[in-house]
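> Take this structure, written in structure tokens, and hold onto it; I'll ask about it next.
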Amino acid sequence: MSIRVSNIDKRFGDFVALDKVTLDFPTGELVALLGPSGCGKTTLLRIIAGLESADAGRVLLDGEDASGTHVRERQVGFVFQHYALFRHMTVFDNVAFGMRMKPRAQRPSEKQIRAKVHELLNLVQLDWLADRFPAQLSGGQRQRIALARALAVEPRVLLLDEPFGALDAKVRKELRRWLRKLHDELHITSIFVTHDQEEALEVADRVVLMNRGRVEQVGAPEEVYRRPATPFVYGFLGSVNLFHGRVDGEAVRVGEDVLPPDVLTHEAGTFDHGAEVVAFARPHELDIVVDAGATAGVAARVSRILAFGVTARVELDGVNGTNGQHFEVELTRDQVAALGLAEGQAVRLVPSRLKVFERETAGAGAGAAA
Amino acid sequence: MDGETYREEPLMSGAVAMQWSGAGDSAARFETKAATREAPLVKWLIIGLSLSFFAVFLLMPLVAVLVEALRKGWETYLTALLDPDALSAVKLTLIAAVIAVPLNLVFGVAAAWAIAKFEFRGKHFLITLIDLPFSVSPVIAGLIYVLVFGAQGWLGPWLYEHDIRIIFAVPGIVLATVFVTFPFVARELIPLMEAQGKEEEEAAVVLGANGWQTFWHVTLPNIKWGLMYGVILTNARAMGEFGAVSVVSGHIRGETNTLPLHVEILYNEYQFAAAFAVASLLAMLALVTLGLKTWVEHRAAAAHNENQDGTS
């Protein structure tokens, strides 16, 4: 089933949780709502479920306006962040709950319920836990039971609120893969909320990036990562180096240094002379120049070299007008050796690729220079 | 990873055992650590002080009641209890409790529900209001009803015309009892329901449960021990209330006398043995209440422990 939300507004007192949000969720896709806490992603999910009502705007389920439909009748499956399993019921009774609450005329027989519950518990690979209570389960098990319970009422959409938020890193990774596999089997339209970029990029077909109640960018994981549309997205996805500067002809001036025009002419050309800008470069998009006579690039001093992985990471402190800023460059270990880098050495950073945004719109991306 | 979380013992007893051994362990920790261990003199002084206080102020009156009650033998004791006036007092006390407890159970759940699950104007005022019966003297509580329903009160003349008797009659006693026992259930449930939040109810609604099903299958099982605790306290107070009931009762023997009032009358008439015999009934009620209360606390603690596991 497809979901469409159009022009959704929601306020809590003076706080704007959602500001004219319009989104399409096509049938059968697994979509991630990604953003920092307080960006409105959970509120949007709850509005789609019907647990919260929007101040303005509409929710269309399969093309039909669902704004007036009660949660009970929306046929959505909702998995809560802290699972919300009924603590006084066994796993079996938890999963059977939705079927048992149906009006007598539609209620399956106890035998059918039993068969269905075991089918679902098999699906989440926890049939052997049917008689346990939620308190006797591990976090990952609870999560899967919560999912089985949501699926028991044969929902048309599956909504998951921070599904892996409360789990430790290892279980999280395991469940992530498992959820993806499950979705590929069931093909039920699903939306999940997360603040973890890795999770969103790894699991979802499409990622919706949200910030301060607005949608910043929608796209496939690869697309949003490679081509961030706004400074916020740039800063939020992956690590990034940030330069505050001013457009000077074809080049960008950062303090006393100049970022050479060749990497950014096609980007900076659209800006007025003297415009305040911020420029972003990923750690692998910065080259280190050790030649003391070089004048291009931003001056910096090597503060630490971390060479324990496949790639080496070099941390640098800015000098000359970028004082107090930190940069991060990713190199192969061979490159580090070839450059003969040492801690404390003065170098210049020259970006091989640079994305420039006008300053006003860039406030949200600031502080993401790590 | 799955095997580790399973516990062999039956849940309840396991959790209770943990609860008790937990208290012992922490005391033992204080004792064995040099940093927190007190000198023997201090230790025995504190223990002696608290034990003697307990003996003088709590245990002695209880013993005294039983000793005095039986001073003139079983026969006098039974006669005092089987006296028609005493029986009528027992009956009235039971009537007051049987009406007040269910009423306050319903009011208390409704009030706690409203406060814990809804946002509305005047919520804080309601919370304050719920505590009123605790903060106001019971005598004032009684007087309020006299002022409203009494012969000289606001509704007095109208009630008199229609031959409805509230003050110096059973309805007044029930009203006063309901008033003074109102906060117990609500007070017990509000923090419990607030701590539990709305998530389970939301889950039930998303799964298609209607309001009543949600309450019956999800909310009620989660609050049952707190509710039970509140009911026990309500009952104890309903049967033992003296001040408010005394004001509205009129002390008509065999008609508007509850057990505590009957004790007072007997005592004032120098029938000490009879007074203590009736008082021993109330004392036993107190003991039963304490026993029930302790039992419920255990169950609640056990349920709580499970939930702690559940959220860890």
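Letters A, B, ... mark the chains of the structure tokens in the order given; residue numbers begin at 1 per chain; ligand numbers begin at 1, in order shown.
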Would you mind listing what lies within 10 Å of Arg72 of chain A as a list in words, with only C-alpha atoms counted and same-chain residues fewer than 3 positions away left out?

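The residues that qualify are Ala49, Gly50, Leu51, Thr69, Gln75 and Val76 of chain A; Ala204, Val205, Val206, Leu207, Gly208, Ala209 and Asn210 of chain B.
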
> Within 8 Å of chain B, which residues belong to chain A? Use only C-alpha atoms and report them as a ChimeraX atom specification.

/A:49,51,71-73,75-78,80,82,84-88,97-98,101-102,134-138,150,153

> Write the residues of the preceding selection, restricted to N, CA and C atoms, as a PDB file, in the first residue's frame.


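What ended up in selection-v6.pdb:
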ATOM      1  N   ALA A  49       0.577   6.781  11.626  1.00  0.00           N
ATOM      2  CA  ALA A  49      -0.103   5.688  12.330  1.00  0.00           C
ATOM      3  C   ALA A  49      -1.473   6.112  12.833  1.00  0.00           C
ATOM      4  N   LEU A  51      -1.610   7.883  15.752  1.00  0.00           N
ATOM      5  CA  LEU A  51      -1.447   8.043  17.199  1.00  0.00           C
ATOM      6  C   LEU A  51      -1.380   9.520  17.575  1.00  0.00           C
ATOM      7  N   VAL A  71      -7.028   5.132  14.607  1.00  0.00           N
ATOM      8  CA  VAL A  71      -5.881   4.205  14.580  1.00  0.00           C
ATOM      9  C   VAL A  71      -6.336   2.761  14.414  1.00  0.00           C
ATOM     10  N   ARG A  72      -7.380   2.416  15.179  1.00  0.00           N
ATOM     11  CA  ARG A  72      -7.877   1.045  15.173  1.00  0.00           C
ATOM     12  C   ARG A  72      -8.195   0.545  13.767  1.00  0.00           C
ATOM     13  N   GLU A  73      -8.718   1.469  12.936  1.00  0.00           N
ATOM     14  CA  GLU A  73      -9.173   1.043  11.606  1.00  0.00           C
ATOM     15  C   GLU A  73      -8.121   1.262  10.523  1.00  0.00           C
ATOM     16  N   GLN A  75      -5.277  -0.156  10.122  1.00  0.00           N
ATOM     17  CA  GLN A  75      -4.552  -1.380   9.753  1.00  0.00           C
ATOM     18  C   GLN A  75      -3.071  -1.121   9.559  1.00  0.00           C
ATOM     19  N   VAL A  76      -2.487  -0.457  10.536  1.00  0.00           N
ATOM     20  CA  VAL A  76      -1.043  -0.273  10.481  1.00  0.00           C
ATOM     21  C   VAL A  76      -0.403  -1.139  11.560  1.00  0.00           C
ATOM     22  N   GLY A  77       0.792  -1.585  11.277  1.00  0.00           N
ATOM     23  CA  GLY A  77       1.557  -2.277  12.308  1.00  0.00           C
ATOM     24  C   GLY A  77       2.550  -1.281  12.853  1.00  0.00           C
ATOM     25  N   PHE A  78       2.632  -1.160  14.168  1.00  0.00           N
ATOM     26  CA  PHE A  78       3.535  -0.173  14.749  1.00  0.00           C
ATOM     27  C   PHE A  78       4.462  -0.875  15.739  1.00  0.00           C
ATOM     28  N   PHE A  80       7.091  -0.127  18.616  1.00  0.00           N
ATOM     29  CA  PHE A  80       7.506   0.989  19.451  1.00  0.00           C
ATOM     30  C   PHE A  80       8.985   0.899  19.799  1.00  0.00           C
ATOM     31  N   HIS A  82      10.531   1.223  22.600  1.00  0.00           N
ATOM     32  CA  HIS A  82      10.832   0.332  23.721  1.00  0.00           C
ATOM     33  C   HIS A  82       9.919  -0.880  23.703  1.00  0.00           C
ATOM     34  N   ALA A  84       7.102  -1.902  23.960  1.00  0.00           N
ATOM     35  CA  ALA A  84       5.757  -1.858  24.529  1.00  0.00           C
ATOM     36  C   ALA A  84       5.077  -3.216  24.518  1.00  0.00           C
ATOM     37  N   LEU A  85       5.827  -4.262  24.783  1.00  0.00           N
ATOM     38  CA  LEU A  85       5.202  -5.576  24.930  1.00  0.00           C
ATOM     39  C   LEU A  85       4.361  -5.569  26.202  1.00  0.00           C
ATOM     40  N   PHE A  86       3.247  -6.316  26.185  1.00  0.00           N
ATOM     41  CA  PHE A  86       2.414  -6.386  27.385  1.00  0.00           C
ATOM     42  C   PHE A  86       3.135  -7.261  28.393  1.00  0.00           C
ATOM     43  N   ARG A  87       3.560  -6.647  29.493  1.00  0.00           N
ATOM     44  CA  ARG A  87       4.493  -7.363  30.369  1.00  0.00           C
ATOM     45  C   ARG A  87       3.852  -8.491  31.159  1.00  0.00           C
ATOM     46  N   HIS A  88       2.522  -8.445  31.301  1.00  0.00           N
ATOM     47  CA  HIS A  88       1.880  -9.501  32.085  1.00  0.00           C
ATOM     48  C   HIS A  88       1.408 -10.648  31.201  1.00  0.00           C
ATOM     49  N   PHE A  97      -2.723 -11.088  20.696  1.00  0.00           N
ATOM     50  CA  PHE A  97      -3.579 -10.003  21.205  1.00  0.00           C
ATOM     51  C   PHE A  97      -4.439  -9.362  20.110  1.00  0.00           C
ATOM     52  N   GLY A  98      -3.788  -8.945  19.031  1.00  0.00           N
ATOM     53  CA  GLY A  98      -4.507  -8.247  17.961  1.00  0.00           C
ATOM     54  C   GLY A  98      -5.663  -9.065  17.405  1.00  0.00           C
ATOM     55  N   MET A 101      -8.641  -9.345  19.908  1.00  0.00           N
ATOM     56  CA  MET A 101      -9.401  -8.127  20.156  1.00  0.00           C
ATOM     57  C   MET A 101     -10.403  -7.826  19.047  1.00  0.00           C
ATOM     58  N   LYS A 102     -10.372  -8.602  17.980  1.00  0.00           N
ATOM     59  CA  LYS A 102     -11.285  -8.323  16.879  1.00  0.00           C
ATOM     60  C   LYS A 102     -12.732  -8.561  17.303  1.00  0.00           C
ATOM     61  N   PRO A 134       7.824 -11.305  28.585  1.00  0.00           N
ATOM     62  CA  PRO A 134       8.763 -10.357  27.973  1.00  0.00           C
ATOM     63  C   PRO A 134      10.007 -10.119  28.823  1.00  0.00           C
ATOM     64  N   ALA A 135       9.826 -10.102  30.163  1.00  0.00           N
ATOM     65  CA  ALA A 135      10.971  -9.809  31.031  1.00  0.00           C
ATOM     66  C   ALA A 135      12.062 -10.865  30.923  1.00  0.00           C
ATOM     67  N   GLN A 136      11.700 -12.054  30.426  1.00  0.00           N
ATOM     68  CA  GLN A 136      12.687 -13.140  30.335  1.00  0.00           C
ATOM     69  C   GLN A 136      13.445 -13.130  29.013  1.00  0.00           C
ATOM     70  N   LEU A 137      13.144 -12.144  28.157  1.00  0.00           N
ATOM     71  CA  LEU A 137      13.775 -12.117  26.842  1.00  0.00           C
ATOM     72  C   LEU A 137      14.896 -11.080  26.796  1.00  0.00           C
ATOM     73  N   SER A 138      15.818 -11.286  25.878  1.00  0.00           N
ATOM     74  CA  SER A 138      16.843 -10.270  25.641  1.00  0.00           C
ATOM     75  C   SER A 138      16.241  -9.167  24.775  1.00  0.00           C
ATOM     76  N   ALA A 150       3.081  -7.025  15.699  1.00  0.00           N
ATOM     77  CA  ALA A 150       2.567  -6.027  14.763  1.00  0.00           C
ATOM     78  C   ALA A 150       2.098  -6.685  13.467  1.00  0.00           C
ATOM     79  N   VAL A 153      -1.789  -8.727  12.859  1.00  0.00           N
ATOM     80  CA  VAL A 153      -3.069  -8.194  12.395  1.00  0.00           C
ATOM     81  C   VAL A 153      -3.035  -7.927  10.895  1.00  0.00           C
TER      82      VAL A 153
END

> Check segment 81-251 of chain B with DSSP on the backbone and list each residue it calls alpha helix (DSSP H), as a PyMOL selection string.

chain B and resi 81-82+84-117+123-130+132-135+138-149+156-161+170-181+183-196+199-206+211-214+220-240+243-249

> Write out as a ChimeraX atom specification the residues lying within 9 Å of segment 124-129 of chain A, counting only C-alpha atoms and excluding same-chain residues fewer than 3 positions away.

/A:90-92,117-121,132-133,137,141,144-145,147-148,182

> Quick one: everything within 10 Å of Pro133 of chain B, counting only C-alpha atoms, minus sequence neighbours fewer than 3 positions away in the same chain. Send it as a ChimeraX atom specification.

/B:129-130,136-138,140-141,178-184

> Go ahead and save the picked residues with C-alpha atoms, as a PDB file, in the first residue's frame.


ATOM      1  CA  LEU B 129      -7.672  18.680  45.539  1.00  0.00           C
ATOM      2  CA  ILE B 130      -7.198  14.933  45.806  1.00  0.00           C
ATOM      3  CA  VAL B 136      -7.836  18.922  56.386  1.00  0.00           C
ATOM      4  CA  SER B 137      -8.689  17.787  59.903  1.00  0.00           C
ATOM      5  CA  PRO B 138     -11.325  15.021  59.928  1.00  0.00           C
ATOM      6  CA  ILE B 140     -13.625  19.840  59.614  1.00  0.00           C
ATOM      7  CA  ALA B 141     -14.554  17.194  57.060  1.00  0.00           C
ATOM      8  CA  VAL B 178     -15.976   8.346  51.473  1.00  0.00           C
ATOM      9  CA  PHE B 179     -14.510  11.826  51.950  1.00  0.00           C
ATOM     10  CA  VAL B 180     -11.707  10.875  54.306  1.00  0.00           C
ATOM     11  CA  THR B 181     -10.697   7.780  52.347  1.00  0.00           C
ATOM     12  CA  PHE B 182     -10.743   9.324  48.883  1.00  0.00           C
ATOM     13  CA  PRO B 183      -6.991   9.903  48.356  1.00  0.00           C
ATOM     14  CA  PHE B 184      -5.693   6.385  49.063  1.00  0.00           C
TER      15      PHE B 184
END

> Report as a PDB file with C-alpha atoms, in the first residue's frame all protein, DNA and RNA residues lying within 9 Å of Gly172 of chain B, evaluated on only C-alpha atoms, omitting residues in the same chain fewer than 2 positions from it.


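Generated file (out_18.pdb):
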ATOM      1  CA  GLY B 142     -17.467  16.177  59.249  1.00  0.00           C
ATOM      2  CA  TYR B 145     -21.337  17.858  55.780  1.00  0.00           C
ATOM      3  CA  VAL B 146     -23.189  19.227  58.776  1.00  0.00           C
ATOM      4  CA  PHE B 149     -26.881  18.784  54.965  1.00  0.00           C
ATOM      5  CA  ARG B 165     -32.126  12.251  56.709  1.00  0.00           C
ATOM      6  CA  ILE B 166     -28.408  12.512  56.080  1.00  0.00           C
ATOM      7  CA  ILE B 167     -26.829  13.980  59.175  1.00  0.00           C
ATOM      8  CA  PHE B 168     -27.162  11.817  62.299  1.00  0.00           C
ATOM      9  CA  ALA B 169     -28.033   8.951  59.966  1.00  0.00           C
ATOM     10  CA  VAL B 170     -26.288   6.287  57.908  1.00  0.00           C
ATOM     11  CA  VAL B 174     -21.041   6.902  54.533  1.00  0.00           C
ATOM     12  CA  LEU B 175     -20.425  10.358  53.029  1.00  0.00           C
ATOM     13  CA  ALA B 176     -17.892  11.271  55.702  1.00  0.00           C
ATOM     14  CA  THR B 177     -16.149   7.922  55.246  1.00  0.00           C
ATOM     15  CA  VAL B 245     -17.802  10.159  61.460  1.00  0.00           C
ATOM     16  CA  VAL B 248     -22.028  13.520  61.608  1.00  0.00           C
ATOM     17  CA  SER B 249     -23.089  10.467  63.579  1.00  0.00           C
TER      18      SER B 249
END

> Using only C-alpha atoms for the distances, tell me which of B:Leu78, B:Ala186, B:Ala277, B:Leu87 is nearest to Leu227 of chain B.

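That would be B:Ala186, the residue with the smallest distance to Leu227 of chain B.
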
> Pick out the residues sitting within 7 Å of segment 296-311 of chain A, and hand them over as number ranges by chain; count only C-alpha atoms, and ignore anything fewer than 3 positions along from it in its own chain.

A: 257-260, 314-320, 330-333, 343-350

> Could you pull the residues within 12 Å of Trp178 of chain A, counting only C-alpha atoms, minus those fewer than 3 positions along the same chain, as a PyMOL selection string?

chain A and resi 123-125+140+143-144+147+164+171-175+181-185+202-203

> Atom CA of Val65 of chain B to atom CA of Ala274 of chain B: how many Å, to one decimal?

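Taking atom CA of Val65 of chain B and atom CA of Ala274 of chain B, their separation equals 10.9 Å.
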
> Please compute the atom CA of Pro26 of chain A-atom CA of Thr189 of chain A distance, one decimal, in Å.

7.4 Å
